[in-house]
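One structure is given here, and the rest of the page talks about it.
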Amino acid sequence: MTAKTSATATATATSPPTNLLIRGLTKSFGGVKALDDVDLTVPAGQVHALLGHNGAGKSTLIKCLGGAFPPDAGTIEVDGVEFARLSPRQSIAAGVAIIFQTLSVVDSLTVAENIFLGQEWTRYGTVDRRAQETLAAGLLERVAASCSPRDRVGELPMRQRQLVEIAKALSRSASVLVLDEPTAALSGTESDALAERVEDLRTQGLAIVYVTHLLSEVERLADAVTVLRDGRVDFHSPVSGHSRKQLVDTIVGQGRAATPRPNRLLQPKPAAEGRATALPDGTHPEPDPRSAPLLAVDGLTGPGFGPVGLDVAGGEIVGLYGLIGSGRTRILETLFGRRRRSGGTVRVGDRPVAPARPAEALAAGIALVPADRRGQGLFATLSAQDNVLLPAVRPLARGGLRSLRAERRTFDALASAVGLRPARPKLPAAAFSGGNQQKLVLGRWINEARGTDVLLLDEPTQGVDVGARQEIYQVVEGLAAERGTAVLFASSDPEEIVALAHRCLIVAHGRVVAELSGTELTEEALLSAVHDTHTPADSDPVGSGTAEGAP
Amino acid sequence: MTTTTVDSPLRTNPRALASGSLTAVRRHPLVVVLVAMVLVFQLSTGSFVDTANLRGIATDAATIAIVAVPLALLVISGYLDLSVGSTLALGGLVGGWLAGQQGQSPVVAVLGALAAGAAVGAVNGVLCCYLGLSAFIVTLGMLTAVRGLAQQLFPLPLSDFGTGFAWLGGARIAGIAAPVVIAALVLAAGALFLALTPAGRHVFAIGVNREAAYLSGINIRRTPFALFVLTGAAAALAGAIRASVLDSAVAGTSGAGFELTVLTAVLLGGVALTGGTGSIFGVLLGVLFLGCLQNGLTLLSVPTFWQLMAQGVALVAGAALAYFGPKATR
Amino acid sequence: MTKPPRIGPASRRRFLTLSGGAVAATALAAAGCAGPEKTASAGKAADGSPAGARSLTKIGLDYPFTQLPLYTTLVKLSTAAAKKHDVSLVTTSDASNADTQATNLTTWVTQKVPAIVSFPMVFEATEKIAKAALDAGLIWVTYGGSLENQSADIQFSFLEGGRLLGEAAARWAEEELGGKGKVAFLTDSTIQLGRERTKGMIDAFTKLAPGVDVVAREQAIDPDTGLSKSNAILAKHPDLSIILGITDAAAYGGYKALQQAGRKKDDAKTFVGGQDGSAPSLLAIKQGTFYRASAALAPKDIAAAIVGVPLAVAAGKADPSAEVPITLVRRSDGAKIDALLAQNA
C-alpha cells in the first residue's frame, strides 16, 4: 500500500499534462476481483511499463480502457475528460489506441486500407485511394515503417504489421497508446527497432502504456513501472534507481526467484531407466559430456534447413538460439515427425528413429511442446484434465474403459508437479493464464503413463508471465535432472537461453553455426553471434517458417 | 395451495438434488422448453401425455435418435454427414429387398442393410478423413449419388417384406416398441463412449484442435473414419426400421430431407457445428423436441401452413434459448 | 366423361415455385400424373392413318420428377409403345429441378427433336420454350396441363380422382357404419394438383356421409408423414374408422398406423383409401385388407398418350389431345389390379 501512495505522489509531482489518469478502477467477475482499486497515471511523453503475472489484471485493465468491459467503480480520465465507463467507440474517440498482441489488421487489405479502415476518405461516395495513400505514407514515415501504403498487410513481416497498427492509431490522433506485449512475436533485432519507435513516439508526446514480461525492455524504455498482483497495484515506482534484481523479486514474489522450489512430485524413474539423479541440494548436476548422447542427430536435412548435427546427453538441456526464419522450429518439427526429412539419421539411445508422424516420434520417446500454444498445443474449450491427460487416457484405461480414478490421481500429481494454478481439473483450459496454459501443455509429456526420453520445446515461455516462467524452467530442469530427459529447446530470447541452457547452439540459415557453453554462454555472446551470421536481419521472408511467424 | 407446497416434504429434500438439476437446466435450457411445450400441448389437447400418443412419439423419434447419436459424435469431431437421408433409403431398400424378394432371414436382411450403409460411410470417411476433402462437399455429393444408386438398383417401390422383417419395426420388447429399444441402446452406447472411453476423449480433442491432437500423437484419421462408417450404418439401420414399419420402401422419396431433420436435432441439442462441444443428453433433448413439436401441432389440428410457421419459429426459439440461456442464468 | 377443368396459370406458377425443392410436392405431382382411355383411342387413330402430314421418328419425353417410381415405369412403357410405331424415345433427367428442365428443353429445341412431350414444372417459364419449339416446326405436347403455345396436351382430372375415392368411402360408411364414425383426411395444400384432389375427396365424402365426424385434415403425402400423423390422430381418436389419403403413399402410412394401433388387417369396420394406384397399396387391396380403394391412373394409358398424342398431331388429326382417365380400383377389380401391377413390374 505504500506503493500506492508513492504513485499518487508521483502524479502530483509531475508537471507535464497528464494524458491518462485512472483512479480507483475496480472490476469483478463473478465475485472475483480482477481489478481492485487500481490507480495509474501516465503523463504525456512517458512510457509506463505495466507488469504482472498473467491473470494479475493487466488485460482487464486494458480492456476497461478500450471499452470492452464496463468497470464496476473508478474513473478513467483521458486528456482531461473523465469517464465512468467507456464504449469501444468512445474510447477511440477519446484518443486511446490499443495494440493487442493478436493484431487486428486485415491481412487481405493494403496498408493504407488498413490504416483508414472504418474512417475511409471518400470522394463522391467512393474511397479516395490516392488521398489515403498520401496520408498513409506520412504516417508510416512517422513510425519509420519501411513498407509502402500499397503493400498487402498479409505479406508483411510481423514488425511491419505492428507498425501499420501503430500508424493506424496515430491516424486517429491517439494521445494514449497501449502496447500489449508488442515484442512477443518479434525477434531480437525487430524488438530493438520497435523500441526505437516507442522512444520516438514518446518524444512526440504520447502517453504510452507498455505491457511486457521482459525486464530488459523495462530497463530500456520505461520511465515508470507498475506491477499488478491479484488485481491490485503491488509496486509502483519510477524506473531509475531500481535494479533488475529488485524488479524480479517483486514480480516473482517474495524470494521465489532466489530459491528454486524443489520438484518434490517429480519422482525419479526406477533406477534402471534413470540416467541421472538429482544432487542432494536439488540443483541439477552438470551432465557428463563424455556419456553417450541420448539424442544423436547427424546430417539431418529437410526443406529449408540442414544438414544439422547435434547431440544431447541424458539430463542435458541444450538451447537452439536463432532469429525468426533461421530454421530452429523446422529442426524441432522434423525431429518430431511433423515435417518430412530428406536426409540424415536420428538416434534415441541406441535406437535409430525415423518418425513419419508425431505419433511415431512419441512412441520412440520424443515429445514436442510447440510454440504456437493456441494453434498447436492447447484444447482451449476442454478441461484442464483433458488437456494434460490426453495422451495418457488410453494407457491408463483398463479393458477399453477410462480409469477415472487413475486419471484424477495422475492429474493431481501433474498439477502439483508443474505448479498449476488453479489446480481445478474441470476448468476449461481457456480460463487459465498463459503461463498455466503452457504448464498444461508441458504437463502432457511429463506424466508417467508415457515415457519421454527426449523433450523438444519451442519457445517454451512465449507469452508467459515472469513468475510462471521461473516455474516452467524449474519443471524442465527437474525433468533433466531427476529423470535424465534430454531437453532441446528453441528460443529467440537470449535471456531465456542463458537462464535455462547448459549449452547453446546458434542456428542461422538452417544450420548450426556456433556453439556456446559454460562461461561463454552470455546474452552478449549470443547477440553478437547472431549479428555475425545474419547480415540484414529482416531479409528473411515471413513465410519461411510457418509456425515461427505466428503470434 | 401455496402453503401446502411450502410445508411439503419436498422442501426438506437435500439441496444437492435441487442444485444438481439446476445445473442440468443451465447446461441444457432446452429442458425448460421441452417441459413447457409438453405442458402447453397437454393442457390444450388433453391427450398429449397419453400412453398411446407417447408411444407414437417415441417410435417416430427413434429413427432420428439412432442416426443423431453417431452424427453428433461426427460433428463433435469436426466433421459432418449430409448423406444420411439417401443412405437411409438405400438401407431400407437393401434390407427390404433381401427380406422380401430374396426371402432371406430378417437377420441377413438387417446385416445387408448395415453393410450397405457402412460402405457409404466408408466412402465418405476415406474422402474426408484420409484425403482431406471438405466433408460438406463430399457428403452433399454422396447425398445425390447414393440417391441415384438407390433408384438405379430399385427403380420401383418395394413392399411385402414378410412377417419376420416386420419384427424389426413392430415387435414389442417388454411393452416397448423395438425401434425405441434400439434407439435407447444407441443413446446409451453413445453416452458411454463419450464419457468413458479414451476414443471419446479423442473425439473432443480432434474437434477442438486437430493440429494439437495430431501433435499429441492421436490418430486423427481413424476415429472420425470409424464415425463416418458408424453413421452410415446407423442411417441404413434407421432405413431398415422404417421399411419394416411401413412394410414398403421407395427409392426416390424415402428419407428425403431426413439429413436436415437429424442435423437439426443434433444442433438443437447443443452440438456445435464448429466441433468440440456437445453431449448425448443434449441430442436426446433435440430429438424429443422435434418429435413432440410435430406431434403436438398435429394433435392441435393446426392448419398446414401455420404448422410450418410454428415449426420454424419453435426451432429458432429453441436454438436461441440454447444459445442465450446459459449466459443469462450464469 | 366431361372435359376436366384446366389448371389456371396462376395456380401453376404456385405449383412450380413450391415444387422447386419440395420432395413432397414432387411426390404429389408424380402421383397426380398417372392414367387414360381417350389416349388409347388417340394412339389407334395415329395407327390408322400412317400417311399423315409428317412422319415421326423420334419423341422426346420430358418428365421432371425422376425420383418417383412412376418415372421409371413411364419411360419403360413409353419406350415400348414408341417402338411399336417405329419411333425412338429419348428422355431428360431433370431431377425435379426447374432450371435443369429449362436447359434440357432448350437443348432439345436447338437439336430439333421433332416431338416433345413435356410436364412443365413451371408452366409460365415454359411458354417461351414451347413457342420456340413451335416456331422451329416441332411438335409440342403439354403433359398435365396446357400452354398457350402447344400442339396438343395430355390432361388428367385430379378433382375426379378425389371425388371417386370420396364417394366410395362415403357409400361404404353408410352401408357398414350406418353413416356414423370418424374420418381423417391426409391432404395436400401445397400444390395445385394436391388441392384439386383434396377438394374432390373431401367435398364428395362430406356431402354423401354428413353423419361421419371429420376429426383431422393433415398434410401428408409420403408414408413416413402419413404414419406419424395418423399415429397422433389415433392417440386422440382411437376409434377412428376411415383414413383417406391424397396419395396412396400417405394412405399406406395411415394403414400401417392403424395396424400398429392393434387394428386387424381385415377389420370390417375400417376403411383406408388413397390415390395413384401405387404397388404396395394395390397389393394391400388385393389381399382383402381394410385398405379398400385407390383412385388409380394406369401407367399404360399414360404411356399410350405420350406416344399417341404426338403421332396424332403429326398425322394432322383434328383433335389430337388426350385425357387420361382415373378409375377407382377395389378388391373386386382383381383383374384390373393385376394389370396395373404388371405395368408397374
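Each chain of the C-alpha cells is named A, B, ... in the order shown, its residues numbered from 1; ligands are numbered from 1 in display order.
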
Using only C-alpha atoms and a cut-off of 10 Å, which residues of chain A sit close to chain B? Please list them as a VMD selection string.
chain A and resid 30 333 336 to 338 357 to 363 367 to 370 372 to 382 386 to 387 389 to 404 441 444 to 445

Could you write out that same residue set with N, CA and C atoms as a short mmCIF file (atom, residue, chain, number, x, y, z; two decimals), in the first residue's frame?
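Listed below is the output, out07.cif:
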data_model
loop_
_atom_site.label_atom_id
_atom_site.label_comp_id
_atom_site.auth_asym_id
_atom_site.auth_seq_id
_atom_site.Cartn_x
_atom_site.Cartn_y
_atom_site.Cartn_z
N GLY A 30 -17.89 -12.40 -11.44
CA GLY A 30 -18.46 -13.47 -10.61
C GLY A 30 -17.88 -13.50 -9.21
N GLU A 333 10.55 -29.59 -35.46
CA GLU A 333 9.38 -30.26 -36.03
C GLU A 333 9.78 -31.48 -36.85
N PHE A 336 10.42 -34.30 -34.63
CA PHE A 336 9.17 -34.78 -34.06
C PHE A 336 8.27 -35.47 -35.10
N GLY A 337 8.73 -35.48 -36.35
CA GLY A 337 7.95 -36.17 -37.38
C GLY A 337 6.82 -35.34 -37.95
N ARG A 338 6.77 -34.06 -37.63
CA ARG A 338 5.71 -33.25 -38.19
C ARG A 338 6.08 -32.79 -39.59
N ARG A 357 5.31 -39.51 -38.49
CA ARG A 357 4.19 -38.80 -37.87
C ARG A 357 4.55 -38.55 -36.41
N PRO A 358 3.92 -37.51 -35.82
CA PRO A 358 4.19 -37.26 -34.40
C PRO A 358 3.94 -38.50 -33.54
N ALA A 359 2.92 -39.29 -33.88
CA ALA A 359 2.61 -40.46 -33.06
C ALA A 359 3.81 -41.40 -33.01
N GLU A 360 4.52 -41.51 -34.14
CA GLU A 360 5.69 -42.40 -34.15
C GLU A 360 6.81 -41.82 -33.31
N ALA A 361 6.99 -40.49 -33.37
CA ALA A 361 8.01 -39.85 -32.57
C ALA A 361 7.72 -40.08 -31.08
N LEU A 362 6.45 -39.93 -30.72
CA LEU A 362 6.06 -40.10 -29.32
C LEU A 362 6.32 -41.54 -28.87
N ALA A 363 6.02 -42.49 -29.77
CA ALA A 363 6.26 -43.88 -29.44
C ALA A 363 7.74 -44.12 -29.22
N ALA A 367 9.02 -36.01 -27.51
CA ALA A 367 7.82 -35.19 -27.38
C ALA A 367 8.16 -33.74 -27.72
N LEU A 368 7.16 -33.02 -28.21
CA LEU A 368 7.37 -31.62 -28.58
C LEU A 368 6.32 -30.75 -27.91
N VAL A 369 6.77 -29.63 -27.33
CA VAL A 369 5.84 -28.59 -26.89
C VAL A 369 5.95 -27.47 -27.91
N PRO A 370 4.91 -27.30 -28.74
CA PRO A 370 5.05 -26.35 -29.85
C PRO A 370 5.00 -24.90 -29.38
N ASP A 372 3.33 -22.36 -30.94
CA ASP A 372 2.02 -21.75 -31.11
C ASP A 372 1.04 -22.45 -30.18
N ARG A 373 0.96 -21.95 -28.96
CA ARG A 373 0.19 -22.66 -27.95
C ARG A 373 -1.27 -22.80 -28.34
N ARG A 374 -1.86 -21.68 -28.76
CA ARG A 374 -3.29 -21.73 -29.08
C ARG A 374 -3.58 -22.59 -30.30
N GLY A 375 -2.69 -22.50 -31.31
CA GLY A 375 -2.96 -23.22 -32.55
C GLY A 375 -2.55 -24.67 -32.51
N GLN A 376 -1.47 -24.97 -31.76
CA GLN A 376 -0.92 -26.32 -31.88
C GLN A 376 -0.86 -27.09 -30.56
N GLY A 377 -1.04 -26.38 -29.47
CA GLY A 377 -0.83 -27.06 -28.21
C GLY A 377 -2.09 -27.26 -27.39
N LEU A 378 -2.90 -26.23 -27.31
CA LEU A 378 -3.97 -26.22 -26.33
C LEU A 378 -5.31 -26.66 -26.92
N PHE A 379 -6.11 -27.33 -26.10
CA PHE A 379 -7.51 -27.57 -26.45
C PHE A 379 -8.31 -26.60 -25.58
N ALA A 380 -8.55 -25.41 -26.14
CA ALA A 380 -9.00 -24.29 -25.31
C ALA A 380 -10.30 -24.57 -24.58
N THR A 381 -11.24 -25.27 -25.22
CA THR A 381 -12.55 -25.45 -24.59
C THR A 381 -12.62 -26.71 -23.74
N LEU A 382 -11.58 -27.52 -23.81
CA LEU A 382 -11.59 -28.73 -22.99
C LEU A 382 -11.04 -28.44 -21.60
N ASP A 386 -8.49 -32.90 -19.26
CA ASP A 386 -8.42 -33.44 -20.62
C ASP A 386 -7.15 -32.98 -21.31
N ASN A 387 -6.78 -31.72 -21.10
CA ASN A 387 -5.59 -31.19 -21.76
C ASN A 387 -4.34 -31.91 -21.32
N LEU A 389 -4.05 -34.84 -19.75
CA LEU A 389 -4.04 -36.30 -19.79
C LEU A 389 -4.31 -36.89 -21.16
N LEU A 390 -4.55 -36.02 -22.14
CA LEU A 390 -4.99 -36.55 -23.43
C LEU A 390 -4.18 -37.75 -23.92
N PRO A 391 -2.85 -37.66 -23.96
CA PRO A 391 -2.13 -38.82 -24.49
C PRO A 391 -2.10 -39.98 -23.49
N ALA A 392 -2.49 -39.72 -22.25
CA ALA A 392 -2.37 -40.76 -21.23
C ALA A 392 -3.66 -41.51 -21.00
N VAL A 393 -4.77 -40.99 -21.56
CA VAL A 393 -6.06 -41.62 -21.28
C VAL A 393 -6.07 -43.08 -21.71
N ARG A 394 -5.51 -43.32 -22.88
CA ARG A 394 -5.52 -44.70 -23.37
C ARG A 394 -4.61 -45.61 -22.55
N PRO A 395 -3.36 -45.20 -22.29
CA PRO A 395 -2.52 -46.06 -21.45
C PRO A 395 -3.10 -46.31 -20.06
N LEU A 396 -3.82 -45.32 -19.52
CA LEU A 396 -4.38 -45.50 -18.18
C LEU A 396 -5.63 -46.38 -18.18
N ALA A 397 -6.25 -46.54 -19.35
CA ALA A 397 -7.54 -47.23 -19.42
C ALA A 397 -7.39 -48.70 -19.08
N ARG A 398 -8.48 -49.23 -18.55
CA ARG A 398 -8.50 -50.67 -18.23
C ARG A 398 -9.62 -51.30 -19.03
N GLY A 399 -9.28 -52.32 -19.78
CA GLY A 399 -10.29 -53.04 -20.54
C GLY A 399 -11.08 -52.14 -21.46
N GLY A 400 -10.40 -51.17 -22.05
CA GLY A 400 -11.04 -50.30 -23.03
C GLY A 400 -11.82 -49.17 -22.42
N LEU A 401 -12.01 -49.17 -21.10
CA LEU A 401 -12.74 -48.08 -20.47
C LEU A 401 -11.77 -47.21 -19.67
N ARG A 402 -12.10 -45.91 -19.62
CA ARG A 402 -11.22 -44.99 -18.91
C ARG A 402 -11.21 -45.33 -17.42
N SER A 403 -10.07 -45.17 -16.85
CA SER A 403 -9.96 -45.36 -15.41
C SER A 403 -10.01 -43.97 -14.78
N LEU A 404 -11.20 -43.58 -14.39
CA LEU A 404 -11.39 -42.20 -13.94
C LEU A 404 -10.58 -41.90 -12.69
N VAL A 441 0.25 -27.82 -21.31
CA VAL A 441 0.82 -28.46 -22.49
C VAL A 441 2.10 -29.22 -22.12
N ARG A 444 1.59 -32.53 -20.24
CA ARG A 444 1.20 -33.66 -21.07
C ARG A 444 2.34 -34.66 -21.23
N TRP A 445 3.60 -34.14 -21.27
CA TRP A 445 4.72 -35.03 -21.61
C TRP A 445 5.54 -35.44 -20.41
#

Check every residue of chain C for an atom within 7 Å of chain B, counting only C-alpha atoms, and provide those that qualify as a list in words.
Val23, Gln67, Leu68, Pro69, Thr72, Ala216, Glu218, Gln219, Ser228, Lys229, Asn231, Ala232, Ile233, Ala235, Lys236, Gly253, Lys256, Ala279 and Pro280 of chain C

For segment 122-125 of chain B, please output as a list in words all residues within 7 Å (counting only C-alpha atoms; exclusion window: fewer than 5 positions along the same chain).
Val138, Thr139, Phe225, Phe228 and Val229 of chain B

According to DSSP computed on the backbone, where in segment 27-94 of chain B is there helix (DSSP H, G or I)? Give the residues as an MDAnalysis selection string.
chainID B and resid 27 30:45 51:76 84:94

Keeping only N, CA and C atoms, write the selected residues as a compact mmCIF listing (two decimals), in the first residue's frame.
# COMPACT_ATOMS: atom_id res chain seq x y z
N ARG B 27 -27.17 -26.07 -18.15
CA ARG B 27 -26.38 -26.59 -19.25
C ARG B 27 -27.28 -26.92 -20.44
N LEU B 30 -32.81 -26.35 -23.06
CA LEU B 30 -33.86 -26.94 -23.88
C LEU B 30 -34.81 -27.77 -23.02
N VAL B 31 -34.32 -28.23 -21.88
CA VAL B 31 -35.18 -28.98 -20.95
C VAL B 31 -36.41 -28.15 -20.60
N VAL B 32 -36.16 -26.88 -20.32
CA VAL B 32 -37.25 -25.99 -19.93
C VAL B 32 -38.26 -25.87 -21.07
N VAL B 33 -37.73 -25.66 -22.27
CA VAL B 33 -38.62 -25.52 -23.43
C VAL B 33 -39.45 -26.78 -23.61
N LEU B 34 -38.77 -27.91 -23.47
CA LEU B 34 -39.43 -29.19 -23.67
C LEU B 34 -40.57 -29.36 -22.66
N VAL B 35 -40.27 -29.08 -21.41
CA VAL B 35 -41.29 -29.23 -20.37
C VAL B 35 -42.44 -28.26 -20.64
N ALA B 36 -42.11 -27.02 -20.98
CA ALA B 36 -43.16 -26.04 -21.27
C ALA B 36 -44.01 -26.51 -22.44
N MET B 37 -43.35 -27.05 -23.46
CA MET B 37 -44.08 -27.48 -24.63
C MET B 37 -45.04 -28.62 -24.28
N VAL B 38 -44.53 -29.58 -23.52
CA VAL B 38 -45.37 -30.71 -23.11
C VAL B 38 -46.58 -30.20 -22.32
N LEU B 39 -46.35 -29.25 -21.42
CA LEU B 39 -47.44 -28.70 -20.61
C LEU B 39 -48.49 -28.04 -21.51
N VAL B 40 -48.02 -27.20 -22.41
CA VAL B 40 -48.95 -26.49 -23.29
C VAL B 40 -49.77 -27.48 -24.11
N PHE B 41 -49.09 -28.47 -24.68
CA PHE B 41 -49.80 -29.43 -25.52
C PHE B 41 -50.80 -30.24 -24.68
N GLN B 42 -50.38 -30.61 -23.49
CA GLN B 42 -51.27 -31.41 -22.66
C GLN B 42 -52.50 -30.60 -22.25
N LEU B 43 -52.26 -29.36 -21.83
CA LEU B 43 -53.38 -28.54 -21.38
C LEU B 43 -54.34 -28.22 -22.52
N SER B 44 -53.78 -28.04 -23.73
CA SER B 44 -54.66 -27.63 -24.82
C SER B 44 -55.31 -28.80 -25.54
N THR B 45 -54.70 -29.98 -25.50
CA THR B 45 -55.32 -31.10 -26.21
C THR B 45 -55.90 -32.13 -25.25
N THR B 51 -50.50 -42.75 -23.06
CA THR B 51 -49.57 -43.84 -23.38
C THR B 51 -49.44 -44.05 -24.88
N ALA B 52 -50.60 -44.13 -25.55
CA ALA B 52 -50.57 -44.42 -26.98
C ALA B 52 -49.85 -43.30 -27.73
N ASN B 53 -50.12 -42.06 -27.34
CA ASN B 53 -49.50 -40.95 -28.05
C ASN B 53 -48.00 -40.90 -27.80
N LEU B 54 -47.61 -41.06 -26.54
CA LEU B 54 -46.18 -41.03 -26.22
C LEU B 54 -45.46 -42.15 -26.95
N ARG B 55 -46.13 -43.28 -27.04
CA ARG B 55 -45.56 -44.41 -27.76
C ARG B 55 -45.31 -44.03 -29.23
N GLY B 56 -46.30 -43.33 -29.80
CA GLY B 56 -46.16 -42.89 -31.19
C GLY B 56 -44.99 -41.92 -31.34
N ILE B 57 -44.90 -40.98 -30.42
CA ILE B 57 -43.80 -40.01 -30.48
C ILE B 57 -42.47 -40.74 -30.39
N ALA B 58 -42.38 -41.67 -29.44
CA ALA B 58 -41.13 -42.39 -29.23
C ALA B 58 -40.74 -43.16 -30.48
N THR B 59 -41.73 -43.79 -31.12
CA THR B 59 -41.41 -44.57 -32.30
C THR B 59 -40.95 -43.66 -33.43
N ASP B 60 -41.62 -42.52 -33.60
CA ASP B 60 -41.19 -41.58 -34.64
C ASP B 60 -39.79 -41.07 -34.36
N ALA B 61 -39.54 -40.75 -33.09
CA ALA B 61 -38.26 -40.14 -32.74
C ALA B 61 -37.13 -41.16 -32.77
N ALA B 62 -37.49 -42.45 -32.69
CA ALA B 62 -36.45 -43.48 -32.57
C ALA B 62 -35.48 -43.45 -33.74
N THR B 63 -36.02 -43.40 -34.97
CA THR B 63 -35.11 -43.45 -36.12
C THR B 63 -34.24 -42.20 -36.17
N ILE B 64 -34.80 -41.07 -35.74
CA ILE B 64 -34.00 -39.85 -35.72
C ILE B 64 -32.86 -40.01 -34.71
N ALA B 65 -33.20 -40.54 -33.54
CA ALA B 65 -32.18 -40.68 -32.49
C ALA B 65 -31.08 -41.63 -32.91
N ILE B 66 -31.46 -42.72 -33.58
CA ILE B 66 -30.46 -43.73 -33.97
C ILE B 66 -29.39 -43.10 -34.86
N VAL B 67 -29.79 -42.20 -35.75
CA VAL B 67 -28.82 -41.56 -36.63
C VAL B 67 -28.18 -40.35 -35.95
N ALA B 68 -28.95 -39.67 -35.10
CA ALA B 68 -28.44 -38.44 -34.48
C ALA B 68 -27.24 -38.71 -33.59
N VAL B 69 -27.22 -39.86 -32.92
CA VAL B 69 -26.12 -40.13 -31.99
C VAL B 69 -24.77 -40.22 -32.72
N PRO B 70 -24.62 -41.12 -33.71
CA PRO B 70 -23.31 -41.13 -34.38
C PRO B 70 -23.03 -39.82 -35.13
N LEU B 71 -24.09 -39.21 -35.66
CA LEU B 71 -23.86 -37.94 -36.37
C LEU B 71 -23.34 -36.89 -35.39
N ALA B 72 -23.88 -36.88 -34.18
CA ALA B 72 -23.41 -35.91 -33.19
C ALA B 72 -21.94 -36.13 -32.88
N LEU B 73 -21.54 -37.39 -32.75
CA LEU B 73 -20.12 -37.68 -32.48
C LEU B 73 -19.26 -37.17 -33.63
N LEU B 74 -19.77 -37.39 -34.84
CA LEU B 74 -19.05 -36.93 -36.03
C LEU B 74 -18.91 -35.41 -36.03
N VAL B 75 -19.99 -34.73 -35.68
CA VAL B 75 -19.96 -33.27 -35.67
C VAL B 75 -19.03 -32.77 -34.54
N ILE B 76 -19.06 -33.46 -33.40
CA ILE B 76 -18.16 -33.06 -32.32
C ILE B 76 -16.70 -33.19 -32.77
N VAL B 84 -26.99 -38.84 -45.00
CA VAL B 84 -27.75 -39.86 -44.27
C VAL B 84 -29.15 -40.09 -44.82
N GLY B 85 -29.77 -39.06 -45.42
CA GLY B 85 -31.11 -39.24 -45.97
C GLY B 85 -31.12 -40.30 -47.06
N SER B 86 -30.15 -40.22 -47.96
CA SER B 86 -30.08 -41.19 -49.05
C SER B 86 -29.62 -42.55 -48.56
N THR B 87 -28.70 -42.52 -47.59
CA THR B 87 -28.24 -43.80 -47.04
C THR B 87 -29.40 -44.52 -46.36
N LEU B 88 -30.25 -43.76 -45.72
CA LEU B 88 -31.44 -44.34 -45.10
C LEU B 88 -32.29 -45.07 -46.15
N ALA B 89 -32.51 -44.40 -47.30
CA ALA B 89 -33.30 -45.03 -48.36
C ALA B 89 -32.63 -46.31 -48.84
N LEU B 90 -31.31 -46.22 -49.06
CA LEU B 90 -30.58 -47.38 -49.56
C LEU B 90 -30.68 -48.54 -48.56
N GLY B 91 -30.49 -48.22 -47.29
CA GLY B 91 -30.56 -49.26 -46.26
C GLY B 91 -31.92 -49.93 -46.22
N GLY B 92 -32.97 -49.11 -46.28
CA GLY B 92 -34.32 -49.65 -46.26
C GLY B 92 -34.59 -50.56 -47.44
N LEU B 93 -34.11 -50.12 -48.61
CA LEU B 93 -34.36 -50.90 -49.82
C LEU B 93 -33.58 -52.20 -49.81
N VAL B 94 -32.30 -52.11 -49.41
CA VAL B 94 -31.48 -53.33 -49.39
C VAL B 94 -32.08 -54.32 -48.39

May I have the residues within 9 Å of Leu442 of chain A as a list in words, using only C-alpha atoms and disregarding those fewer than 5 positions away in the same chain?
Leu368, Val369, Val388, Val418, Gln437, Leu457, Pro460, Ile472, Val475 and Val476 of chain A

Considering only C-alpha atoms, return as number ranges by chain whatever protein or nucleic-acid residues lie within 9 Å of Leu285 of chain B, sequence-local ones (same chain, fewer than 4 positions apart) excluded.
B: 28, 30-31, 34, 265, 268-269, 280-281, 289-290

Residues just named, written with N, CA and C atoms as a PDB file, in the first residue's frame:
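Result file is result_10.pdb:
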ATOM      1  N   HIS B  28     -28.502 -27.321 -20.168  1.00  0.00           N
ATOM      2  CA  HIS B  28     -29.412 -27.700 -21.252  1.00  0.00           C
ATOM      3  C   HIS B  28     -30.739 -26.959 -21.102  1.00  0.00           C
ATOM      4  N   LEU B  30     -32.810 -26.348 -23.065  1.00  0.00           N
ATOM      5  CA  LEU B  30     -33.856 -26.944 -23.883  1.00  0.00           C
ATOM      6  C   LEU B  30     -34.809 -27.772 -23.020  1.00  0.00           C
ATOM      7  N   VAL B  31     -34.324 -28.234 -21.883  1.00  0.00           N
ATOM      8  CA  VAL B  31     -35.178 -28.984 -20.952  1.00  0.00           C
ATOM      9  C   VAL B  31     -36.408 -28.151 -20.597  1.00  0.00           C
ATOM     10  N   LEU B  34     -38.768 -27.909 -23.466  1.00  0.00           N
ATOM     11  CA  LEU B  34     -39.434 -29.187 -23.673  1.00  0.00           C
ATOM     12  C   LEU B  34     -40.573 -29.360 -22.664  1.00  0.00           C
ATOM     13  N   ALA B 265     -31.873 -31.791 -35.069  1.00  0.00           N
ATOM     14  CA  ALA B 265     -31.934 -32.359 -33.718  1.00  0.00           C
ATOM     15  C   ALA B 265     -30.575 -32.245 -33.039  1.00  0.00           C
ATOM     16  N   LEU B 268     -29.817 -28.510 -32.260  1.00  0.00           N
ATOM     17  CA  LEU B 268     -30.684 -28.065 -31.171  1.00  0.00           C
ATOM     18  C   LEU B 268     -30.194 -28.595 -29.837  1.00  0.00           C
ATOM     19  N   GLY B 269     -29.628 -29.786 -29.878  1.00  0.00           N
ATOM     20  CA  GLY B 269     -29.150 -30.422 -28.663  1.00  0.00           C
ATOM     21  C   GLY B 269     -27.856 -29.839 -28.149  1.00  0.00           C
ATOM     22  N   ILE B 280     -24.591 -36.290 -25.494  1.00  0.00           N
ATOM     23  CA  ILE B 280     -25.642 -37.187 -25.976  1.00  0.00           C
ATOM     24  C   ILE B 280     -26.971 -36.819 -25.318  1.00  0.00           C
ATOM     25  N   PHE B 281     -26.915 -36.367 -24.057  1.00  0.00           N
ATOM     26  CA  PHE B 281     -28.159 -35.952 -23.411  1.00  0.00           C
ATOM     27  C   PHE B 281     -28.796 -34.804 -24.197  1.00  0.00           C
ATOM     28  N   PHE B 289     -37.550 -32.856 -28.690  1.00  0.00           N
ATOM     29  CA  PHE B 289     -38.135 -31.562 -29.042  1.00  0.00           C
ATOM     30  C   PHE B 289     -38.816 -31.644 -30.411  1.00  0.00           C
ATOM     31  N   LEU B 290     -38.082 -32.145 -31.389  1.00  0.00           N
ATOM     32  CA  LEU B 290     -38.655 -32.260 -32.736  1.00  0.00           C
ATOM     33  C   LEU B 290     -39.870 -33.178 -32.737  1.00  0.00           C
TER      34      LEU B 290
END

When you look at segment 82-89 of chain C with a cut-off of 9 Å (counting only C-alpha atoms), what residues show up, excluding the ones that are within fewer than 5 positions of it in the same chain? I need them as a count of residues only.
15

DSSP on the backbone, strand (DSSP E) only: what residues of segment 68-259 of chain C does that give? Format it as JSON, numbers by chain.
{"C": [88, 89, 90, 91, 115, 116, 117, 118, 139, 140, 141, 142, 143, 152, 153, 154, 155, 156, 182, 183, 184, 185, 186, 187, 213, 214, 215, 216, 217, 218, 219, 242, 243, 244, 245]}

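Going from atom CA of Gly443 of chain A to atom CA of Leu414 of chain A covers 6.3 Å.
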
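Of the listed residues (C:Thr91, C:Thr106, C:Ser294, C:Ser146), C:Thr106 comes nearest to Lys128 of chain C; the distances count only C-alpha atoms.
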